[in-house]
file target_13.cif (mmCIF, C-alpha atoms)
data_my_file
#
loop_
_atom_site.label_atom_id
_atom_site.label_comp_id
_atom_site.auth_asym_id
_atom_site.auth_seq_id
_atom_site.Cartn_x
_atom_site.Cartn_y
_atom_site.Cartn_z
CA MET G 50 105.45 87.13 105.56
CA GLN G 51 106.97 84.59 107.92
CA ARG G 52 103.52 83.43 109.05
CA GLU G 53 102.37 82.86 105.49
CA ILE G 54 105.47 80.83 104.57
CA GLU G 55 105.11 78.71 107.70
CA ALA G 56 101.37 78.23 107.14
CA SER G 57 102.06 77.13 103.57
CA GLY G 58 104.22 74.25 104.80
CA ILE G 59 107.84 75.46 105.08
CA PRO G 60 109.33 75.71 108.60
CA THR G 61 110.66 79.23 109.23
CA ILE G 62 112.72 81.21 111.71
CA SER G 63 113.35 84.94 111.76
CA LEU G 64 115.96 87.14 113.35
CA SER G 65 114.60 89.90 115.56
CA ASN G 66 116.15 92.95 117.18
CA ASN G 67 112.66 94.10 118.15
CA PRO G 68 111.06 91.47 120.43
CA ALA G 69 107.86 93.47 121.03
CA ALA G 70 107.13 93.66 117.31
CA THR G 71 107.98 90.00 116.71
CA GLU G 72 105.81 88.82 119.59
CA ARG G 73 102.95 91.01 118.39
CA ILE G 74 102.77 89.22 115.05
CA ARG G 75 103.23 85.82 116.72
CA ALA G 76 106.11 84.70 114.57
CA PRO G 77 106.37 80.89 114.51
CA ARG G 78 110.03 80.82 115.65
CA TRP G 79 112.55 83.61 116.16
CA ALA G 80 116.03 84.33 117.44
CA ARG G 81 116.71 87.57 119.26
CA VAL G 82 119.84 89.47 118.31
CA ARG G 83 121.10 92.67 119.90
CA PHE G 84 122.23 94.38 116.74
CA PRO G 85 121.23 97.73 115.22
CA ARG G 86 118.67 98.15 112.49
CA GLY G 87 120.08 97.06 109.15
CA SER G 88 122.80 94.80 110.62
CA MET G 89 120.93 91.68 111.62
CA LEU G 90 123.89 89.27 111.47
CA GLY G 91 126.52 91.40 113.17
CA GLU G 92 129.33 93.63 112.05
CA PRO G 93 130.30 93.85 108.38
CA GLY G 94 133.18 91.54 107.52
CA ASN G 95 132.97 89.57 110.77
CA ARG G 96 132.55 86.21 109.05
CA ASP G 97 133.05 83.97 112.06
CA LYS G 98 130.44 85.81 114.08
CA GLN G 99 127.98 85.96 111.18
CA ARG G 100 128.36 82.20 110.69
CA SER G 101 127.81 81.63 114.41
CA VAL G 102 124.67 83.79 114.40
CA LEU G 103 123.38 81.87 111.39
CA MET G 104 124.20 78.43 112.74
CA ASP G 105 122.72 79.18 116.17
CA THR G 106 119.59 80.45 114.45
CA LEU G 107 119.28 77.38 112.22
CA ARG G 108 119.87 75.07 115.17
CA ALA G 109 117.07 76.89 117.01
CA LEU G 110 114.83 76.31 114.00
CA VAL G 111 115.27 72.58 114.54
CA ALA G 112 115.25 72.65 118.35
CA LEU G 113 112.25 74.91 119.08
CA ASP G 114 109.26 72.64 119.50
CA ALA G 115 106.27 74.92 120.06
CA PRO G 116 104.68 77.75 118.02
CA GLY G 117 106.03 81.16 118.97
CA GLY G 118 109.25 79.73 120.42
CA ALA G 119 112.28 81.99 120.69
CA VAL G 120 115.94 81.89 121.66
CA GLU G 121 118.13 84.74 122.81
CA LEU G 122 121.51 84.76 121.07
CA PRO G 123 124.45 85.88 123.23
CA TYR G 124 126.14 88.15 120.71
CA ARG G 125 126.53 91.92 121.13
CA TRP G 126 127.39 94.70 118.71
CA GLU G 127 131.17 95.16 118.72
CA ALA G 128 131.62 98.24 116.57
CA ASP G 129 130.72 101.93 116.66
CA PRO G 130 126.97 102.59 116.86
CA VAL G 131 125.13 102.90 113.57
CA MET G 132 123.63 106.36 113.19
CA TRP G 133 119.97 106.66 112.25
CA ARG G 134 118.31 110.07 111.94
CA GLY G 135 120.82 111.53 114.37
CA ARG G 136 120.55 108.75 116.94
CA PRO G 137 123.17 106.09 117.72
CA LEU G 138 121.85 102.51 117.43
CA SER G 139 123.71 99.52 118.79
CA GLU G 140 121.22 96.99 120.17
CA GLY G 141 117.96 97.35 118.31
CA PRO G 142 115.90 99.33 115.84
CA TYR G 143 115.62 102.36 118.12
CA SER G 144 118.45 101.97 120.64
CA MET P 256 96.36 83.97 94.89
CA THR P 257 95.07 82.03 97.88
CA HIS P 258 96.86 82.44 101.15
CA ALA P 259 97.22 80.16 104.12
CA ASP P 260 97.17 82.80 106.87
CA GLY P 261 94.57 85.37 105.86
CA GLY P 262 91.93 85.39 108.60
CA TRP P 263 92.96 88.86 109.81
CA ILE P 264 92.96 90.66 106.48
CA ASP P 265 89.42 92.01 106.11
CA GLU P 266 89.34 93.58 109.57
CA PHE P 267 92.83 95.01 109.10
CA ARG P 268 91.85 96.60 105.80
CA MET P 269 88.90 98.41 107.38
CA ARG P 270 91.02 99.71 110.24
CA TYR P 271 93.83 100.68 107.86
CA ASP P 272 91.45 102.68 105.69
CA ALA P 273 90.35 104.61 108.78
CA TRP P 274 93.95 105.18 109.93
CA TRP P 275 95.56 106.25 106.66
CA PRO P 276 93.97 109.68 106.07
CA GLU P 277 95.13 110.85 109.50
CA ALA P 278 98.52 109.15 109.36
CA ARG P 279 99.50 110.24 105.88
CA PRO P 280 100.38 113.89 106.64
CA MET P 281 102.44 112.80 109.67
CA ILE P 282 104.31 110.24 107.57
CA GLU P 283 104.93 112.79 104.84
CA ARG P 284 106.70 115.00 107.37
CA HIS P 285 108.60 111.92 108.66
CA ASP P 286 106.87 111.93 112.04
CA TYR P 287 106.63 108.15 112.09
CA ALA P 288 106.40 107.91 115.88
CA SER P 289 103.13 109.88 115.93
CA ALA P 290 101.72 108.20 112.84
CA PHE P 291 102.35 104.66 114.04
CA LYS P 292 101.02 105.24 117.56
CA THR P 293 97.57 104.53 116.13
CA TYR P 294 98.55 102.04 113.39
CA PRO P 295 96.14 99.07 113.33
CA TRP P 296 98.76 96.37 113.98
CA PRO P 297 97.31 93.03 112.96
CA THR P 298 96.67 90.80 115.96
CA PHE P 299 96.80 87.02 116.01
CA ALA P 300 95.60 84.38 118.44
CA ALA P 301 98.31 81.87 117.60
CA ALA P 302 101.43 81.25 115.52
CA PRO P 303 101.21 78.95 112.50
CA TRP P 304 103.40 75.87 112.67
CA THR P 305 105.03 73.38 110.31
CA PRO P 306 107.23 70.75 112.00
CA VAL P 307 110.82 70.42 110.81
CA ARG P 308 111.04 67.14 108.91
CA LYS P 309 114.75 66.79 108.12
CA PRO P 310 118.07 67.31 109.87
CA LEU P 311 119.77 70.60 109.00
CA ALA P 312 122.54 68.78 107.17
CA GLU P 313 119.92 67.54 104.70
CA SER P 314 118.03 70.84 104.42
CA ARG P 315 118.30 73.52 101.79
CA VAL P 316 117.80 77.03 103.12
CA GLY P 317 115.85 79.84 101.45
CA VAL P 318 116.31 83.44 102.59
CA VAL P 319 113.75 86.25 102.64
CA THR P 320 115.15 89.70 103.41
CA THR P 321 113.10 92.84 103.95
CA GLY P 322 116.08 95.02 103.05
CA GLY P 323 114.69 96.29 99.74
CA LEU P 324 117.42 94.51 97.75
CA TYR P 325 117.12 94.22 93.98
CA ARG P 326 119.27 93.51 90.94
CA ALA P 327 120.21 96.94 89.58
CA GLY P 328 119.70 97.20 85.82
CA ILE P 329 117.58 94.02 85.76
CA ASP P 330 114.72 94.59 88.19
CA ALA P 331 112.91 97.81 89.01
CA PRO P 332 113.85 99.37 92.34
CA PHE P 333 111.29 99.37 95.15
CA ALA P 334 109.46 102.62 95.90
CA GLY P 335 111.85 103.14 98.79
CA ASP P 336 110.41 106.42 100.06
CA ALA P 337 106.70 106.03 99.23
CA PRO P 338 104.57 107.12 102.23
CA ASP P 339 102.45 103.97 101.97
CA GLY P 340 105.43 101.72 101.24
CA ASP P 341 105.84 99.07 98.55
CA TRP P 342 104.32 95.59 98.76
CA SER P 343 105.97 94.11 95.67
CA PHE P 344 108.79 91.55 95.80
CA ARG P 345 111.92 90.60 93.88
CA ALA P 346 113.34 87.14 93.24
CA ILE P 347 117.11 86.91 93.59
CA PRO P 348 118.71 83.80 92.05
CA ALA P 349 121.27 82.16 94.35
CA GLU P 350 124.09 82.69 91.87
CA VAL P 351 123.82 86.50 91.88
CA PRO P 352 126.89 87.96 93.64
CA ILE P 353 125.26 89.65 96.63
CA GLN P 354 127.63 92.64 96.61
CA THR P 355 126.17 93.61 93.22
CA LEU P 356 122.68 94.05 94.71
CA ALA P 357 121.28 97.54 95.19
CA ILE P 358 119.13 98.79 98.09
CA ALA P 359 115.86 100.69 97.66
CA HIS P 360 114.65 101.19 101.24
CA GLU P 361 114.85 104.61 102.88
CA HIS P 362 114.12 103.44 106.43
CA PHE P 363 117.52 102.20 107.54
CA THR P 364 121.16 103.22 107.25
CA HIS P 365 122.72 101.47 104.27
CA GLU P 366 126.38 101.73 105.23
CA VAL P 367 126.63 98.38 107.03
CA ALA P 368 124.86 96.40 104.28
CA GLU P 369 126.77 98.21 101.55
CA ALA P 370 130.01 97.20 103.26
CA ASP P 371 128.82 93.59 103.59
CA MET P 372 125.45 92.40 102.26
CA ASN P 373 125.72 89.29 104.42
CA THR P 374 124.58 91.45 107.34
CA ILE P 375 121.04 91.41 105.89
CA PHE P 376 121.22 88.73 103.15
CA PRO P 377 123.70 86.08 104.29
CA LEU P 378 124.04 83.91 101.16
CA ASN P 379 127.84 83.81 101.30
CA ARG P 380 127.81 82.68 104.93
CA LEU P 381 125.21 80.02 104.11
CA ARG P 382 127.45 78.77 101.31
CA GLU P 383 130.25 78.38 103.84
CA LEU P 384 127.93 76.38 106.11
CA ALA P 385 127.07 74.19 103.12
CA SER P 386 130.76 73.65 102.32
CA ALA P 387 131.27 72.55 105.92
CA GLY P 388 128.40 70.06 105.58
CA LEU P 389 126.26 71.80 108.19
CA ILE P 390 123.39 72.43 105.74
CA ALA P 391 122.63 70.73 102.43
CA GLY P 392 122.80 73.96 100.46
CA LEU P 393 120.92 77.04 99.36
CA ALA P 394 117.57 77.18 97.63
CA ASP P 395 117.82 78.06 93.92
CA THR P 396 116.13 81.43 94.49
CA HIS P 397 115.84 83.87 97.41
CA TRP P 398 113.49 86.79 97.96
CA SER P 399 113.50 90.45 98.81
CA ILE P 400 110.78 92.81 99.92
CA MET P 401 110.97 96.38 101.20
CA GLY P 402 110.39 96.36 104.92
CA TYR P 403 108.52 99.65 105.13
CA CYS P 404 105.05 98.46 104.16
CA PRO P 405 102.14 99.75 106.24
CA ARG P 406 99.77 98.17 103.71
CA ALA P 407 100.19 94.80 105.40
CA ALA P 408 97.07 93.33 103.79
CA ASP P 409 98.38 94.00 100.28
CA LEU P 410 101.72 92.43 101.18
CA ALA P 411 99.95 89.42 102.69
CA GLU P 412 97.70 88.94 99.67
CA SER P 413 100.32 89.32 96.95
CA ALA P 414 103.98 88.98 97.94
CA ALA P 415 103.62 86.54 100.84
CA PRO P 416 101.84 83.68 99.05
CA ALA P 417 103.95 84.19 95.91
CA ILE P 418 107.15 83.97 97.94
CA ALA P 419 105.90 80.93 99.87
CA GLN P 420 105.12 79.17 96.60
CA GLY P 421 108.41 80.35 95.09
CA LEU P 422 110.41 78.99 98.01
CA ARG P 423 108.87 75.56 97.52
CA ALA P 424 109.60 75.66 93.79
CA ALA P 425 113.17 76.74 94.58
CA GLY P 426 113.72 73.64 96.70
CA ALA P 427 113.78 75.32 100.11
CA ASP P 428 113.23 72.90 102.99
CA VAL P 429 113.37 75.70 105.55
CA ALA P 430 113.31 79.49 105.36
CA LEU P 431 115.22 82.21 107.20
CA VAL P 432 113.49 85.60 107.39
CA VAL P 433 115.79 88.58 107.93
CA PRO P 434 113.82 91.73 108.79
CA VAL P 435 115.50 95.08 108.35
#

call {"tool": "encode", "arguments": {"input": "target_13.cif", "output": "structure tokens"}}
result
Amino acid sequence: MQREIEASGIPTISLSNNPAATERIRAPRWARVRFPRGSMLGEPGNRDKQRSVLMDTLRALVALDAPGGAVELPYRWEADPVMWRGRPLSEGPYS
Amino acid sequence: MTHADGGWIDEFRMRYDAWWPEARPMIERHDYASAFKTYPWPTFAAAPWTPVRKPLAESRVGVVTTGGLYRAGIDAPFAGDAPDGDWSFRAIPAEVPIQTLAIAHEHFTHEVAEADMNTIFPLNRLRELASAGLIAGLADTHWSIMGYCPRAADLAESAAPAIAQGLRAAGADVALVVPV
């Protein structure tokens, strides 16, 4: 999806909590977040943090200057783990 | 519809057709780990690239979420639990209050997004960035797909080019993709 949008002429960036998967598809630009599946901008209701994640990501969209470029955002999950099929997730889709 | 990034599709389709008969029973008993061990992940030699042409403060942002969001009562839900996924897409006009959106996607826990849709579809936060002058605004329309979609070729041939074209028509200068 991201590749097609970029190839059609719109610069893109994605959020990723799964670097292996994002590298595999060679996303044009991406920002790594350490948040659980289904919570890609941080905790619910944490507006300041969500805005920071967004703004850092959009700044990376402008700053990254080569295909496949990525930044690692410094934020961590600051709430109870999210349960998924009996497993606690706090930093990624499976962990 | 023509697509700009389709060189991988024919080979993927052949490998997918070989994978699916063996994977299907595993997926139907929710053994995704075993099924996807042999999934024919598309491979690419390089990333596509479009240079950024404007400062952020002059750019309108379009959002694509894979959270399976849709307008309840207006659009059909996605086939959230179909073994071979759903490769359709939904347009979501910028003025729709995001807390009224419904989720049809059985492959993640909904409680965080239901408490605050900005966690997977951050239109309210983008509006705040626009009010602060950090971006020019939001695109007129944003887009949702359902992130469980092993039929990657179908998604690439239908939803992806339609969304790319839709983003341009909606005035997006840049796009943010939020996978779920």

call {"tool": "interface_residues", "arguments": {"input": "target_13.cif", "of": "chain P", "to": "chain G", "cutoff": "8 Å", "atoms": "all atoms listed in the file", "output": "PyMOL selection string"}}
result
chain P and resi 258-260+297-307+310-311+322+363-365+367-368+370-375+377+380-381+384+410-411+414-416+418-420+423+427-435

call {"tool": "resolve_selection", "arguments": {"input": "target_13.cif", "expression": "the PyMOL selection byres ((chain P and resi 350) around 12)", "output": "PyMOL selection string"}}
result
chain P and resi 326+346-349+351-356+378-379+382+393-397

call {"tool": "atom_distance", "arguments": {"input": "target_13.cif", "atom1": "CA of Glu283 (chain P)", "atom2": "CA of Pro338 (chain P)"}}
result
6.3 Å

call {"tool": "closest_residue", "arguments": {"input": "target_13.cif", "among": "P:Asp330, P:Asp339, P:Glu412, P:Asp265", "to": "Ala278 (chain P)", "atoms": "only C-alpha atoms"}}
result
P:Asp339

call {"tool": "closest_residue", "arguments": {"input": "target_13.cif", "among": "P:Trp263, P:Phe291, P:Phe333, P:Trp342", "to": "Trp275 (chain P)", "atoms": "only C-alpha atoms"}}
result
P:Phe291

call {"tool": "atom_distance", "arguments": {"input": "target_13.cif", "atom1": "CA of Val319 (chain P)", "atom2": "CA of Trp398 (chain P)"}}
result
4.7 Å

call {"tool": "residues_around", "arguments": {"input": "target_13.cif", "residues": "Arg268 (chain P)", "least_positions_apart": "2", "cutoff": "10 Å", "atoms": "only C-alpha atoms", "output": "JSON, numbers by chain"}}
result
{"P": [263, 264, 265, 266, 270, 271, 272, 273, 274, 295, 297, 406, 407, 408, 409]}

call {"tool": "write_last_selection", "arguments": {"input": "target_13.cif", "atoms": "C-alpha atoms", "output": "PDB file, in the coordinates of the input"}}
result
ATOM      1  CA  TRP P 263      92.960  88.860 109.810  1.00  0.00           C
ATOM      2  CA  ILE P 264      92.960  90.660 106.480  1.00  0.00           C
ATOM      3  CA  ASP P 265      89.420  92.010 106.110  1.00  0.00           C
ATOM      4  CA  GLU P 266      89.340  93.580 109.570  1.00  0.00           C
ATOM      5  CA  ARG P 270      91.020  99.710 110.240  1.00  0.00           C
ATOM      6  CA  TYR P 271      93.830 100.680 107.860  1.00  0.00           C
ATOM      7  CA  ASP P 272      91.450 102.680 105.690  1.00  0.00           C
ATOM      8  CA  ALA P 273      90.350 104.610 108.780  1.00  0.00           C
ATOM      9  CA  TRP P 274      93.950 105.180 109.930  1.00  0.00           C
ATOM     10  CA  PRO P 295      96.140  99.070 113.330  1.00  0.00           C
ATOM     11  CA  PRO P 297      97.310  93.030 112.960  1.00  0.00           C
ATOM     12  CA  ARG P 406      99.770  98.170 103.710  1.00  0.00           C
ATOM     13  CA  ALA P 407     100.190  94.800 105.400  1.00  0.00           C
ATOM     14  CA  ALA P 408      97.070  93.330 103.790  1.00  0.00           C
ATOM     15  CA  ASP P 409      98.380  94.000 100.280  1.00  0.00           C
TER      16      ASP P 409
END

call {"tool": "atom_distance", "arguments": {"input": "target_13.cif", "atom1": "CA of Arg345 (chain P)", "atom2": "CA of Ala119 (chain G)"}}
result
28.2 Å

call {"tool": "residues_around", "arguments": {"input": "target_13.cif", "residues": "Tyr403 (chain P)", "least_positions_apart": "3", "cutoff": "8 Å", "atoms": "all atoms listed in the file", "output": "mmCIF file with C-alpha atoms, in the frame of the given file"}}
result
data_model
loop_
_atom_site.group_PDB
_atom_site.id
_atom_site.type_symbol
_atom_site.label_atom_id
_atom_site.label_comp_id
_atom_site.auth_asym_id
_atom_site.auth_seq_id
_atom_site.Cartn_x
_atom_site.Cartn_y
_atom_site.Cartn_z
ATOM 1 C CA GLY P 335 111.850 103.140 98.790
ATOM 2 C CA GLY P 340 105.430 101.720 101.240
ATOM 3 C CA ASP P 341 105.840 99.070 98.550
ATOM 4 C CA HIS P 360 114.650 101.190 101.240
ATOM 5 C CA HIS P 362 114.120 103.440 106.430
#

call {"tool": "resolve_selection", "arguments": {"input": "target_13.cif", "expression": "the PyMOL selection byres ((chain G and resi 126) around 8)", "output": "ChimeraX atom specification"}}
result
/G:83-85,91-92,124-125,127-128,139-140

call {"tool": "closest_residue", "arguments": {"input": "target_13.cif", "among": "P:Met281, P:Ala290, P:Asp336, P:Ser314", "to": "Met401 (chain P)", "atoms": "only C-alpha atoms"}}
result
P:Asp336

call {"tool": "decode", "arguments": {"input": "target_13.cif", "residues": "region 292-325 of chain P", "atoms": "N, CA and C atoms", "output": "PDB file, in the first residue's frame"}}
result
ATOM      1  N   LYS P 292       4.570 -19.343   8.314  1.00  0.00           N
ATOM      2  CA  LYS P 292       5.982 -19.733   8.156  1.00  0.00           C
ATOM      3  C   LYS P 292       6.342 -19.897   6.685  1.00  0.00           C
ATOM      4  N   THR P 293       5.390 -20.336   5.878  1.00  0.00           N
ATOM      5  CA  THR P 293       5.686 -20.600   4.465  1.00  0.00           C
ATOM      6  C   THR P 293       4.991 -19.610   3.533  1.00  0.00           C
ATOM      7  N   TYR P 294       4.463 -18.506   4.095  1.00  0.00           N
ATOM      8  CA  TYR P 294       3.782 -17.503   3.266  1.00  0.00           C
ATOM      9  C   TYR P 294       4.766 -16.892   2.258  1.00  0.00           C
ATOM     10  N   PRO P 295       4.336 -16.723   1.023  1.00  0.00           N
ATOM     11  CA  PRO P 295       5.259 -16.187  -0.008  1.00  0.00           C
ATOM     12  C   PRO P 295       5.393 -14.669   0.057  1.00  0.00           C
ATOM     13  N   TRP P 296       6.004 -14.167   1.139  1.00  0.00           N
ATOM     14  CA  TRP P 296       6.155 -12.710   1.288  1.00  0.00           C
ATOM     15  C   TRP P 296       6.722 -12.115   0.008  1.00  0.00           C
ATOM     16  N   PRO P 297       6.085 -11.077  -0.509  1.00  0.00           N
ATOM     17  CA  PRO P 297       6.666 -10.421  -1.690  1.00  0.00           C
ATOM     18  C   PRO P 297       8.056  -9.874  -1.354  1.00  0.00           C
ATOM     19  N   THR P 298       8.948  -9.960  -2.297  1.00  0.00           N
ATOM     20  CA  THR P 298      10.293  -9.405  -2.080  1.00  0.00           C
ATOM     21  C   THR P 298      10.550  -8.304  -3.113  1.00  0.00           C
ATOM     22  N   PHE P 299      11.339  -7.342  -2.694  1.00  0.00           N
ATOM     23  CA  PHE P 299      11.570  -6.157  -3.526  1.00  0.00           C
ATOM     24  C   PHE P 299      13.042  -5.820  -3.526  1.00  0.00           C
ATOM     25  N   ALA P 300      13.532  -5.340  -4.665  1.00  0.00           N
ATOM     26  CA  ALA P 300      14.940  -4.970  -4.762  1.00  0.00           C
ATOM     27  C   ALA P 300      15.191  -3.569  -4.206  1.00  0.00           C
ATOM     28  N   ALA P 301      14.172  -2.717  -4.250  1.00  0.00           N
ATOM     29  CA  ALA P 301      14.391  -1.326  -3.846  1.00  0.00           C
ATOM     30  C   ALA P 301      13.077  -0.726  -3.368  1.00  0.00           C
ATOM     31  N   ALA P 302      13.178   0.394  -2.671  1.00  0.00           N
ATOM     32  CA  ALA P 302      11.988   1.132  -2.246  1.00  0.00           C
ATOM     33  C   ALA P 302      11.670   2.203  -3.284  1.00  0.00           C
ATOM     34  N   PRO P 303      10.379   2.391  -3.605  1.00  0.00           N
ATOM     35  CA  PRO P 303      10.031   3.524  -4.474  1.00  0.00           C
ATOM     36  C   PRO P 303      10.289   4.845  -3.746  1.00  0.00           C
ATOM     37  N   TRP P 304      10.320   5.925  -4.482  1.00  0.00           N
ATOM     38  CA  TRP P 304      10.713   7.203  -3.865  1.00  0.00           C
ATOM     39  C   TRP P 304      10.118   8.380  -4.611  1.00  0.00           C
ATOM     40  N   THR P 305       9.457   9.258  -3.874  1.00  0.00           N
ATOM     41  CA  THR P 305       9.010  10.551  -4.384  1.00  0.00           C
ATOM     42  C   THR P 305       9.570  11.616  -3.445  1.00  0.00           C
ATOM     43  N   PRO P 306      10.371  12.548  -3.947  1.00  0.00           N
ATOM     44  CA  PRO P 306      10.931  13.567  -3.046  1.00  0.00           C
ATOM     45  C   PRO P 306       9.835  14.460  -2.451  1.00  0.00           C
ATOM     46  N   VAL P 307      10.063  14.907  -1.234  1.00  0.00           N
ATOM     47  CA  VAL P 307       9.144  15.861  -0.611  1.00  0.00           C
ATOM     48  C   VAL P 307       9.371  17.221  -1.266  1.00  0.00           C
ATOM     49  N   ARG P 308       8.296  17.857  -1.695  1.00  0.00           N
ATOM     50  CA  ARG P 308       8.442  19.094  -2.474  1.00  0.00           C
ATOM     51  C   ARG P 308       8.122  20.359  -1.691  1.00  0.00           C
ATOM     52  N   LYS P 309       7.439  20.207  -0.548  1.00  0.00           N
ATOM     53  CA  LYS P 309       6.990  21.397   0.193  1.00  0.00           C
ATOM     54  C   LYS P 309       7.376  21.266   1.656  1.00  0.00           C
ATOM     55  N   PRO P 310       7.506  22.388   2.340  1.00  0.00           N
ATOM     56  CA  PRO P 310       7.668  22.301   3.804  1.00  0.00           C
ATOM     57  C   PRO P 310       6.404  21.720   4.436  1.00  0.00           C
ATOM     58  N   LEU P 311       6.558  21.115   5.604  1.00  0.00           N
ATOM     59  CA  LEU P 311       5.397  20.525   6.296  1.00  0.00           C
ATOM     60  C   LEU P 311       4.291  21.548   6.520  1.00  0.00           C
ATOM     61  N   ALA P 312       4.690  22.764   6.870  1.00  0.00           N
ATOM     62  CA  ALA P 312       3.691  23.792   7.193  1.00  0.00           C
ATOM     63  C   ALA P 312       2.819  24.145   5.991  1.00  0.00           C
ATOM     64  N   GLU P 313       3.255  23.732   4.798  1.00  0.00           N
ATOM     65  CA  GLU P 313       2.443  23.979   3.596  1.00  0.00           C
ATOM     66  C   GLU P 313       1.832  22.695   3.047  1.00  0.00           C
ATOM     67  N   SER P 314       1.941  21.608   3.802  1.00  0.00           N
ATOM     68  CA  SER P 314       1.512  20.297   3.297  1.00  0.00           C
ATOM     69  C   SER P 314       0.236  19.817   3.975  1.00  0.00           C
ATOM     70  N   ARG P 315      -0.657  19.300   3.166  1.00  0.00           N
ATOM     71  CA  ARG P 315      -1.842  18.637   3.697  1.00  0.00           C
ATOM     72  C   ARG P 315      -1.561  17.135   3.802  1.00  0.00           C
ATOM     73  N   VAL P 316      -2.027  16.556   4.899  1.00  0.00           N
ATOM     74  CA  VAL P 316      -1.682  15.172   5.223  1.00  0.00           C
ATOM     75  C   VAL P 316      -2.893  14.273   5.015  1.00  0.00           C
ATOM     76  N   GLY P 317      -2.688  13.174   4.305  1.00  0.00           N
ATOM     77  CA  GLY P 317      -3.697  12.126   4.172  1.00  0.00           C
ATOM     78  C   GLY P 317      -3.281  10.929   5.003  1.00  0.00           C
ATOM     79  N   VAL P 318      -4.252  10.250   5.598  1.00  0.00           N
ATOM     80  CA  VAL P 318      -3.955   9.102   6.461  1.00  0.00           C
ATOM     81  C   VAL P 318      -4.554   7.835   5.858  1.00  0.00           C
ATOM     82  N   VAL P 319      -3.759   6.768   5.877  1.00  0.00           N
ATOM     83  CA  VAL P 319      -4.260   5.438   5.515  1.00  0.00           C
ATOM     84  C   VAL P 319      -4.048   4.543   6.729  1.00  0.00           C
ATOM     85  N   THR P 320      -5.129   4.002   7.277  1.00  0.00           N
ATOM     86  CA  THR P 320      -5.017   3.078   8.401  1.00  0.00           C
ATOM     87  C   THR P 320      -5.353   1.679   7.916  1.00  0.00           C
ATOM     88  N   THR P 321      -4.731   0.675   8.525  1.00  0.00           N
ATOM     89  CA  THR P 321      -5.101  -0.702   8.194  1.00  0.00           C
ATOM     90  C   THR P 321      -5.956  -1.300   9.310  1.00  0.00           C
ATOM     91  N   GLY P 322      -6.583  -0.429  10.108  1.00  0.00           N
ATOM     92  CA  GLY P 322      -7.329  -0.888  11.273  1.00  0.00           C
ATOM     93  C   GLY P 322      -8.723  -1.429  10.997  1.00  0.00           C
ATOM     94  N   GLY P 323      -9.122  -1.521   9.740  1.00  0.00           N
ATOM     95  CA  GLY P 323     -10.466  -2.052   9.454  1.00  0.00           C
ATOM     96  C   GLY P 323     -11.575  -1.113   9.878  1.00  0.00           C
ATOM     97  N   LEU P 324     -11.307   0.202   9.859  1.00  0.00           N
ATOM     98  CA  LEU P 324     -12.313   1.182  10.279  1.00  0.00           C
ATOM     99  C   LEU P 324     -13.319   1.431   9.155  1.00  0.00           C
ATOM    100  N   TYR P 325     -14.567   1.648   9.538  1.00  0.00           N
ATOM    101  CA  TYR P 325     -15.606   1.965   8.552  1.00  0.00           C
ATOM    102  C   TYR P 325     -16.712   2.738   9.244  1.00  0.00           C
TER     103      TYR P 325
END
